file model23.pdb (PDB, C-alpha atoms, pLDDT in the B column)
ATOM      1  CA  MET O   1     105.005  87.491  99.974  1.00 39.00           C
ATOM      2  CA  GLN O   2     103.316  84.810 101.984  1.00 39.00           C
ATOM      3  CA  GLY O   3      99.876  85.284 103.472  1.00 39.00           C
ATOM      4  CA  LEU O   4      99.312  88.843 102.325  1.00 40.00           C
ATOM      5  CA  ARG O   5      96.018  88.211 100.595  1.00 40.00           C
ATOM      6  CA  GLY O   6      94.082  91.438 100.647  1.00 42.00           C
ATOM      7  CA  TYR O   7      97.153  93.453  99.634  1.00 43.00           C
ATOM      8  CA  ARG O   8      98.241  94.115  96.063  1.00 43.00           C
ATOM      9  CA  PRO O   9     102.021  94.136  95.456  1.00 42.00           C
ATOM     10  CA  LEU O  10     103.308  97.239  93.715  1.00 43.00           C
ATOM     11  CA  THR O  11     105.495  96.963  90.670  1.00 42.00           C
ATOM     12  CA  GLY O  12     108.964  98.429  90.938  1.00 47.00           C
ATOM     13  CA  GLY O  13     108.599  99.872  94.447  1.00 50.00           C
ATOM     14  CA  GLY O  14     108.947  96.676  96.431  1.00 52.00           C
ATOM     15  CA  GLY O  15     106.226  97.814  98.815  1.00 52.00           C
ATOM     16  CA  VAL O  16     102.653  96.970  99.530  1.00 53.00           C
ATOM     17  CA  ARG O  17      99.730  99.296  98.861  1.00 52.00           C
ATOM     18  CA  LEU O  18      96.821  99.206 101.276  1.00 52.00           C
ATOM     19  CA  GLU O  19      94.006  98.197  98.953  1.00 51.00           C
ATOM     20  CA  LEU O  20      90.501  97.523 100.239  1.00 45.00           C
ATOM     21  CA  THR O  21      89.849  93.938  99.196  1.00 43.00           C
ATOM     22  CA  PRO O  22      87.014  92.148 100.963  1.00 43.00           C
ATOM     23  CA  THR O  23      88.739  88.925 102.010  1.00 41.00           C
ATOM     24  CA  THR O  24      88.842  87.293 105.418  1.00 45.00           C
ATOM     25  CA  SER O  25      91.077  84.271 104.789  1.00 45.00           C
ATOM     26  CA  SER O  26      94.301  86.008 105.834  1.00 51.00           C
ATOM     27  CA  PRO O  27      95.151  87.425 109.268  1.00 50.00           C
ATOM     28  CA  LEU O  28      96.412  90.560 107.490  1.00 52.00           C
ATOM     29  CA  ALA O  29      93.286  90.947 105.379  1.00 57.00           C
ATOM     30  CA  ILE O  30      91.777  94.402 105.282  1.00 59.00           C
ATOM     31  CA  ASP O  31      88.365  94.816 106.830  1.00 65.00           C
ATOM     32  CA  VAL O  32      86.531  97.367 104.677  1.00 69.00           C
ATOM     33  CA  THR O  33      84.798  98.725 107.789  1.00 80.00           C
ATOM     34  CA  GLU O  34      88.133  99.317 109.550  1.00 83.00           C
ATOM     35  CA  SER O  35      89.313 102.939 109.771  1.00 86.00           C
ATOM     36  CA  VAL O  36      92.715 103.943 108.412  1.00 83.00           C
ATOM     37  CA  GLU O  37      93.980 104.602 111.955  1.00 87.00           C
ATOM     38  CA  MET O  38      92.799 101.186 113.173  1.00 89.00           C
ATOM     39  CA  ARG O  39      94.350  99.463 110.137  1.00 89.00           C
ATOM     40  CA  ILE O  40      97.695 101.172 110.750  1.00 90.00           C
ATOM     41  CA  GLN O  41      97.588 100.300 114.470  1.00 92.00           C
ATOM     42  CA  ARG O  42      96.771  96.669 113.624  1.00 92.00           C
ATOM     43  CA  LEU O  43      99.615  96.421 111.120  1.00 93.00           C
ATOM     44  CA  ILE O  44     102.049  97.892 113.671  1.00 94.00           C
ATOM     45  CA  SER O  45     100.983  95.357 116.290  1.00 94.00           C
ATOM     46  CA  GLU O  46     101.110  92.392 113.872  1.00 94.00           C
ATOM     47  CA  ASN O  47     104.557  93.072 112.362  1.00 96.00           C
ATOM     48  CA  PRO O  48     107.748  93.204 114.444  1.00 96.00           C
ATOM     49  CA  VAL O  49     109.526  95.397 111.864  1.00 97.00           C
ATOM     50  CA  ILE O  50     107.391  97.641 109.687  1.00 96.00           C
ATOM     51  CA  ILE O  51     108.145 100.716 107.601  1.00 95.00           C
ATOM     52  CA  PHE O  52     105.441 103.132 106.467  1.00 93.00           C
ATOM     53  CA  SER O  53     106.534 105.169 103.487  1.00 90.00           C
ATOM     54  CA  ARG O  54     105.491 107.008 100.377  1.00 85.00           C
ATOM     55  CA  SER O  55     106.038 105.257  97.069  1.00 79.00           C
ATOM     56  CA  ALA O  56     109.532 105.509  95.554  1.00 81.00           C
ATOM     57  CA  CYS O  57     111.028 106.848  98.788  1.00 86.00           C
ATOM     58  CA  CYS O  58     114.832 106.665  98.602  1.00 90.00           C
ATOM     59  CA  MET O  59     115.187 106.840 102.411  1.00 92.00           C
ATOM     60  CA  CYS O  60     112.909 103.811 102.718  1.00 91.00           C
ATOM     61  CA  HIS O  61     115.138 101.949 100.259  1.00 91.00           C
ATOM     62  CA  VAL O  62     118.195 102.715 102.413  1.00 94.00           C
ATOM     63  CA  MET O  63     116.332 101.560 105.520  1.00 95.00           C
ATOM     64  CA  LYS O  64     115.380  98.281 103.814  1.00 94.00           C
ATOM     65  CA  ARG O  65     118.983  97.729 102.676  1.00 95.00           C
ATOM     66  CA  LEU O  66     120.392  98.325 106.159  1.00 97.00           C
ATOM     67  CA  LEU O  67     117.873  96.015 107.784  1.00 97.00           C
ATOM     68  CA  SER O  68     118.314  93.305 105.141  1.00 96.00           C
ATOM     69  CA  SER O  69     122.088  93.437 105.645  1.00 96.00           C
ATOM     70  CA  LEU O  70     121.327  92.397 109.236  1.00 96.00           C
ATOM     71  CA  GLY O  71     119.043  89.574 108.096  1.00 96.00           C
ATOM     72  CA  VAL O  72     115.767  91.413 108.685  1.00 96.00           C
ATOM     73  CA  HIS O  73     113.165  91.755 105.968  1.00 93.00           C
ATOM     74  CA  PRO O  74     110.728  94.434 107.120  1.00 95.00           C
ATOM     75  CA  THR O  75     107.138  94.765 106.052  1.00 95.00           C
ATOM     76  CA  VAL O  76     106.943  97.913 103.938  1.00 92.00           C
ATOM     77  CA  ILE O  77     103.624  99.678 103.533  1.00 91.00           C
ATOM     78  CA  GLU O  78     103.335 102.514 101.037  1.00 89.00           C
ATOM     79  CA  LEU O  79     100.725 104.993 102.178  1.00 85.00           C
ATOM     80  CA  GLU O  80      98.575 107.505 100.358  1.00 83.00           C
ATOM     81  CA  GLU O  81      98.455 111.142 101.530  1.00 78.00           C
ATOM     82  CA  GLU O  82      95.378 110.693 103.766  1.00 78.00           C
ATOM     83  CA  GLU O  83      96.941 107.573 105.324  1.00 81.00           C
ATOM     84  CA  ILE O  84     100.175 109.487 106.019  1.00 81.00           C
ATOM     85  CA  ALA O  85      98.112 112.120 107.833  1.00 80.00           C
ATOM     86  CA  ALA O  86      96.466 109.336 109.869  1.00 80.00           C
ATOM     87  CA  LEU O  87      99.889 107.901 110.755  1.00 81.00           C
ATOM     88  CA  SER O  88     101.068 111.344 111.896  1.00 78.00           C
ATOM     89  CA  SER O  89      97.950 111.788 114.018  1.00 74.00           C
ATOM     90  CA  LEU O  90      98.676 108.506 115.841  1.00 71.00           C
ATOM     91  CA  ASP O  91     101.894 110.021 117.187  1.00 63.00           C
ATOM     92  CA  ASN O  92     100.552 113.442 118.070  1.00 57.00           C
ATOM     93  CA  PRO O  93      96.744 113.623 118.068  1.00 49.00           C
ATOM     94  CA  ASP O  94      96.760 117.248 119.291  1.00 52.00           C
ATOM     95  CA  SER O  95      98.838 118.639 116.427  1.00 46.00           C
ATOM     96  CA  SER O  96      97.252 120.394 113.488  1.00 45.00           C
ATOM     97  CA  ASP O  97      98.668 120.425 109.952  1.00 44.00           C
ATOM     98  CA  SER O  98     100.042 123.949 110.337  1.00 39.00           C
ATOM     99  CA  SER O  99     101.748 123.327 113.652  1.00 39.00           C
ATOM    100  CA  SER O 100     103.216 119.954 112.658  1.00 38.00           C
ATOM    101  CA  SER O 101     104.940 121.402 109.597  1.00 38.00           C
ATOM    102  CA  SER O 102     106.857 123.915 111.712  1.00 36.00           C
ATOM    103  CA  SER O 103     107.750 121.560 114.556  1.00 36.00           C
ATOM    104  CA  ALA O 104     111.130 119.957 115.153  1.00 37.00           C
ATOM    105  CA  THR O 105     109.726 116.435 114.740  1.00 41.00           C
ATOM    106  CA  PRO O 106     110.471 114.494 111.552  1.00 44.00           C
ATOM    107  CA  SER O 107     108.352 115.383 108.546  1.00 50.00           C
ATOM    108  CA  SER O 108     105.514 113.113 107.513  1.00 50.00           C
ATOM    109  CA  ALA O 109     107.413 112.688 104.226  1.00 54.00           C
ATOM    110  CA  ASP O 110     110.019 110.655 106.101  1.00 74.00           C
ATOM    111  CA  PRO O 111     109.538 106.916 106.352  1.00 88.00           C
ATOM    112  CA  ALA O 112     108.272 105.794 109.744  1.00 93.00           C
ATOM    113  CA  LEU O 113     109.943 102.700 111.210  1.00 96.00           C
ATOM    114  CA  PHE O 114     108.311 100.694 113.989  1.00 96.00           C
ATOM    115  CA  LEU O 115     110.224  98.015 115.905  1.00 97.00           C
ATOM    116  CA  GLY O 116     108.160  95.803 118.172  1.00 96.00           C
ATOM    117  CA  GLY O 117     105.212  98.193 118.048  1.00 95.00           C
ATOM    118  CA  THR O 118     107.307 101.219 119.044  1.00 95.00           C
ATOM    119  CA  ARG O 119     108.010 104.060 116.636  1.00 94.00           C
ATOM    120  CA  VAL O 120     111.753 104.420 116.100  1.00 95.00           C
ATOM    121  CA  GLY O 121     111.501 107.309 113.661  1.00 93.00           C
ATOM    122  CA  GLY O 122     113.004 107.749 110.246  1.00 94.00           C
ATOM    123  CA  LEU O 123     116.287 106.937 108.583  1.00 95.00           C
ATOM    124  CA  GLU O 124     118.391 109.118 110.899  1.00 95.00           C
ATOM    125  CA  SER O 125     117.010 107.356 113.968  1.00 96.00           C
ATOM    126  CA  LEU O 126     117.638 103.927 112.446  1.00 97.00           C
ATOM    127  CA  VAL O 127     121.232 104.804 111.549  1.00 97.00           C
ATOM    128  CA  ALA O 128     121.790 106.301 115.020  1.00 97.00           C
ATOM    129  CA  LEU O 129     120.543 103.063 116.616  1.00 97.00           C
ATOM    130  CA  HIS O 130     122.841 101.056 114.372  1.00 98.00           C
ATOM    131  CA  LEU O 131     125.928 103.216 114.979  1.00 98.00           C
ATOM    132  CA  SER O 132     125.349 103.157 118.743  1.00 98.00           C
ATOM    133  CA  SER O 133     125.184  99.318 118.639  1.00 97.00           C
ATOM    134  CA  HIS O 134     121.603  99.324 119.952  1.00 97.00           C
ATOM    135  CA  LEU O 135     119.876  98.153 116.752  1.00 97.00           C
ATOM    136  CA  VAL O 136     120.885  94.468 116.749  1.00 97.00           C
ATOM    137  CA  PRO O 137     119.992  93.932 120.444  1.00 97.00           C
ATOM    138  CA  LYS O 138     116.612  95.575 119.804  1.00 97.00           C
ATOM    139  CA  LEU O 139     116.004  93.320 116.775  1.00 97.00           C
ATOM    140  CA  VAL O 140     116.918  90.266 118.862  1.00 96.00           C
ATOM    141  CA  GLU O 141     114.620  91.453 121.685  1.00 96.00           C
ATOM    142  CA  ILE O 142     111.594  91.715 119.383  1.00 96.00           C
ATOM    143  CA  GLY O 143     112.375  88.395 117.677  1.00 95.00           C
ATOM    144  CA  ALA O 144     113.215  89.825 114.268  1.00 96.00           C
ATOM    145  CA  ILE O 145     116.625  88.085 114.252  1.00 94.00           C
ATOM    146  CA  GLN O 146     118.364  85.405 116.236  1.00 90.00           C
ATOM    147  CA  LEU O 147     122.020  85.372 117.185  1.00 81.00           C
TER
END

call {"tool": "encode", "arguments": {"input": "model23.pdb", "output": "structure tokens"}}
result
Amino acid sequence: MQGLRGYRPLTGGGGVRLELTPTTSSPLAIDVTESVEMRIQRLISENPVIIFSRSACCMCHVMKRLLSSLGVHPTVIELEEEEIAALSSLDNPDSSDSSSSSSATPSSADPALFLGGTRVGGLESLVALHLSSHLVPKLVEIGAIQL
């Protein structure tokens, strides 16, 4: 991957683990003083198509395959448990762990897809966008593909 100094590629998973490496030569470098929430927000704003997932997530693999079949190669970030909790809190800061597990919203175990800085959801939401013919126009709108 080009320009991802500060990130260590994972073997076998095809993702990127958020490692704290004190480098400032890359725009995606991790600032060791940056909070997990701020780092996630920054990554969302810097990448037009980004998937946050757990390692070895089969749903994330399906998402990557669907997007790559359309000519999009998303940034995939594999998160640790505390980072997944931070990602969930970005969506619903008022929810507690007990109330979020019983809600009708997707589980934090699902991959989280962001298109153009907006959370799309998980695999079901991506497939629904694709089947309704809204995915390609959205990808064109955010500059992820050109027709």

call {"tool": "closest_residue", "arguments": {"input": "model23.pdb", "among": "O:Ala56, O:Asn47, O:Leu90, O:Arg42", "to": "Val72 in chain O", "atoms": "all atoms listed in the file"}}
result
O:Asn47

call {"tool": "closest_residue", "arguments": {"input": "model23.pdb", "among": "O:Val36, O:Val136, O:Thr118, O:Val76", "to": "His61 in chain O", "atoms": "all atoms listed in the file"}}
result
O:Val76

call {"tool": "atom_distance", "arguments": {"input": "model23.pdb", "atom1": "CA of Ser53 in chain O", "atom2": "CA of Glu78 in chain O"}}
result
4.8 Å

call {"tool": "closest_residue", "arguments": {"input": "model23.pdb", "among": "O:Glu37, O:Glu124, O:Glu141, O:Glu46", "to": "Ala85 in chain O", "atoms": "only C-alpha atoms"}}
result
O:Glu37

call {"tool": "closest_residue", "arguments": {"input": "model23.pdb", "among": "O:Gly117, O:Gly71, O:Pro111, O:Pro137", "to": "Cys58 in chain O", "atoms": "only C-alpha atoms"}}
result
O:Pro111

call {"tool": "axis_aligned_box", "arguments": {"input": "model23.pdb", "around": "range 138-147 of chain O", "padding_each_side": "5 Å", "output": "AutoDock Vina command-line options"}}
result
--center_x 116.8 --center_y 90.5 --center_z 118.0 --size_x 20.4 --size_y 20.2 --size_z 17.4

call {"tool": "residues_around", "arguments": {"input": "model23.pdb", "residues": "Ile44 in chain O", "least_positions_apart": "5", "cutoff": "9 Å", "atoms": "all atoms listed in the file", "output": "list in words"}}
result
Arg39, Val49, Ile50, Phe114, Leu115, Gly116, Gly117 and Thr118 of chain O

call {"tool": "atom_distance", "arguments": {"input": "model23.pdb", "atom1": "CA of Leu70 in chain O", "atom2": "CA of Leu43 in chain O"}}
result
22.2 Å
